[in-house]
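**Student:** Could you have a look at this structure, given as C-alpha cells, before my questions?
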Amino acid sequence: MRTLVMAATASLTLCAPAALAQTASSPQSTAATRSNTVPGRPSSAGALAGTWKSEPFELKLTSDFDKSVWGANATSVRTVALVVSASGEASLTVTRKVVDARGRTVSGSTSIEEAQIRIGMPRAATDVRIEYDVTVLKAERRYPDDPNYRWTIDGLRVTVTGFENRDDGAGGSTIEVRLDPADGQGSFWDTLRRPARAAPKRTAG
C-alpha cells in the first residue's frame, strides 16, 4: 500500500494537468527589455526581502485511480513559500499533501520540494512586470513520513516576477513564482503575497 501511495504522490507532483488555472503558463511580458536603471524600478533583489506565501491551491481527486488510493472526495493541496534575504539569497519551499473527505492529511501523502536560489538583478521592461535573474543553487524533494526517501531535483528552473508599485499600492504586495522541472512535466506558477502586518497596538492615554 505504501508503494502505491508513494507512486500516486509522485504522480501528483510530476503530472498535474496543464489545463488547470494555476498550472498554465504564467503570463509573460512581450515588451523588449531595456536598462535596469529605469527610475521607479528596484535596482536589486533587496526589494523582495522578506517572507512570501501563496494561498492553498486545491484540486479534487476524482479519477478511479485516485479514489482507490486516497478514498472518495480527497483533495490535493499545494502551498508555496519564499523567504528572501536582503542579499538575494532565498529559500523556496513547495509543500504538497492530500487531505481526505474530513480534511485530514493522508498518511504518506506529504511531499516537500526545497530549492536554494539566488535572486539577482531585475530586468527592466516597458510594462509593470519585473522579471529577476534567478540561479538555482540546489533543489531536492523529500517525504517527511520517510526521512530516508529524498532525491535531488536536477535542472529545475525558477522564475520570479515582481510588479511596479502602482497608485493603489498593490504593485509591491504580490509576486509570481514559476517552477519548471527539466522534463517539462508538472510546471506551474503561483501568486505569492507578503503576510499582512499586524496593526500597532494602541495604548490607553
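To be explicit about the labels: the chains of the C-alpha cells are called A, B, and onward in the order shown, and within each one the residues are counted from 1, while ligands get numbers from 1 in the order they are shown.
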Just the helix (DSSP H, G or I) stuff from segment 40-71 of chain A, please, per backbone DSSP, written as a list in words.
**Tutor:** Ala45, Gly46, Ala47, Leu48, Asp64, Phe65, Asp66, Lys67, Ser68, Val69 and Trp70 of chain A
**Student:** Would you export the selected residues with N, CA and C atoms as a compact mmCIF listing (two decimals), in the first residue's frame, please?
**Tutor:**
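After the write, again.txt holds the following:
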# COMPACT_ATOMS: atom_id res chain seq x y z
N ALA A 45 17.63 42.74 -5.78
CA ALA A 45 16.65 41.83 -5.20
C ALA A 45 16.26 42.22 -3.78
N GLY A 46 16.94 43.22 -3.22
CA GLY A 46 16.62 43.65 -1.86
C GLY A 46 15.18 44.09 -1.69
N ALA A 47 14.57 44.54 -2.79
CA ALA A 47 13.17 44.96 -2.72
C ALA A 47 12.24 43.81 -2.39
N LEU A 48 12.71 42.57 -2.59
CA LEU A 48 11.88 41.39 -2.33
C LEU A 48 12.15 40.79 -0.96
N ASP A 64 -10.67 7.22 -10.94
CA ASP A 64 -10.84 5.93 -10.25
C ASP A 64 -9.55 5.54 -9.53
N PHE A 65 -8.40 5.84 -10.15
CA PHE A 65 -7.13 5.52 -9.50
C PHE A 65 -6.96 6.32 -8.22
N ASP A 66 -7.26 7.63 -8.29
CA ASP A 66 -7.15 8.47 -7.10
C ASP A 66 -8.05 7.95 -5.99
N LYS A 67 -9.26 7.58 -6.34
CA LYS A 67 -10.20 7.10 -5.33
C LYS A 67 -9.70 5.81 -4.69
N SER A 68 -9.05 4.94 -5.49
CA SER A 68 -8.55 3.68 -4.96
C SER A 68 -7.40 3.89 -3.97
N VAL A 69 -6.65 4.98 -4.14
CA VAL A 69 -5.50 5.25 -3.27
C VAL A 69 -5.89 6.14 -2.10
N TRP A 70 -6.58 7.26 -2.40
CA TRP A 70 -6.84 8.27 -1.38
C TRP A 70 -8.23 8.20 -0.78
**Student:** DSSP on the backbone, then: every residue of segment 24-187 of chain A marked strand (DSSP E or B), written as number ranges by chain.
**Tutor:** A: 50-54, 57-61, 74-84, 89-99, 105, 111-123, 129-143, 146-152, 157-163, 174-180
**Student:** Using atom CA of Asp183 of chain A and atom CA of Pro56 of chain A as the two end points, give the distance in Å to one decimal.
**Tutor:** 24.9 Å
**Student:** Go through segment 59-136 of chain A residue by residue and, counting only C-alpha atoms, keep those with an atom at most 7 Å from segment 160-165 of chain A; for each kept residue give the shortest atom pair and its distance in Å to one decimal, ordered by chain and increasing number, as JSON lines.
**Tutor:**
{"residue": "A:Val128", "atom": "CA", "partner": "A:Glu164", "partner_atom": "CA", "distance": 5.1}
{"residue": "A:Arg129", "atom": "CA", "partner": "A:Phe163", "partner_atom": "CA", "distance": 4.8}
{"residue": "A:Ile130", "atom": "CA", "partner": "A:Gly162", "partner_atom": "CA", "distance": 4.9}
{"residue": "A:Glu131", "atom": "CA", "partner": "A:Thr161", "partner_atom": "CA", "distance": 4.4}
{"residue": "A:Tyr132", "atom": "CA", "partner": "A:Val160", "partner_atom": "CA", "distance": 5.8}
**Student:** May I have the residues within 9 Å of segment 141-152 of chain A as a list in words, using only C-alpha atoms and disregarding those fewer than 6 positions away in the same chain?
**Tutor:**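 Once the adjacent positions are removed, what remains is Ser107, Gly108, Ser109, Thr110, Ser111, Ile112, Glu113, Glu114 and Ala115 of chain A.
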**Student:** What is the atom CA of Pro181 of chain A to atom CA of Leu156 of chain A distance in Å?
**Tutor:**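 Those two atoms sit 4.6 Å apart.
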**Student:** For atom CA of Ala139 of chain A and atom CA of Arg193 of chain A, determine how far apart the two atoms are, in Å to one decimal place.
**Tutor:** 22.5 Å
**Student:** Looking at A:Val77, A:Val94, A:Val83, A:Ala101, which one is nearest to Trp189 of chain A, with distances taken over only C-alpha atoms?
**Tutor:**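 Answer, going by the shortest atom-to-atom distance: A:Val94.
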**Student:** Quick one: everything within 8 Å of Gly120 of chain A, counting only C-alpha atoms, minus sequence neighbours fewer than 6 positions away in the same chain. Send it as a PyMOL selection string.
**Tutor:** chain A and resi 44-45+88+132-135
**Student:** For Ser76 of chain A, please output as a PyMOL selection string all residues within 8 Å (counting only C-alpha atoms; exclusion window: fewer than 4 positions along the same chain).
**Tutor:** chain A and resi 12+58-61+96-99
**Student:** Filtering to C-alpha atoms, could you give me those residues as a PDB file, in the first residue's frame?
**Tutor:**
ATOM      1  CA  LEU A  12       0.511  14.272  -8.338  1.00  0.00           C
ATOM      2  CA  GLU A  58      -6.715  22.777  -4.071  1.00  0.00           C
ATOM      3  CA  LEU A  59      -7.540  20.124  -6.656  1.00  0.00           C
ATOM      4  CA  LYS A  60     -10.266  17.494  -6.213  1.00  0.00           C
ATOM      5  CA  LEU A  61      -9.031  13.966  -6.954  1.00  0.00           C
ATOM      6  CA  ARG A  96       2.013  19.162  -1.320  1.00  0.00           C
ATOM      7  CA  LYS A  97      -0.343  16.861   0.527  1.00  0.00           C
ATOM      8  CA  VAL A  98      -3.624  15.026   0.141  1.00  0.00           C
ATOM      9  CA  VAL A  99      -6.474  15.521   2.578  1.00  0.00           C
TER      10      VAL A  99
END
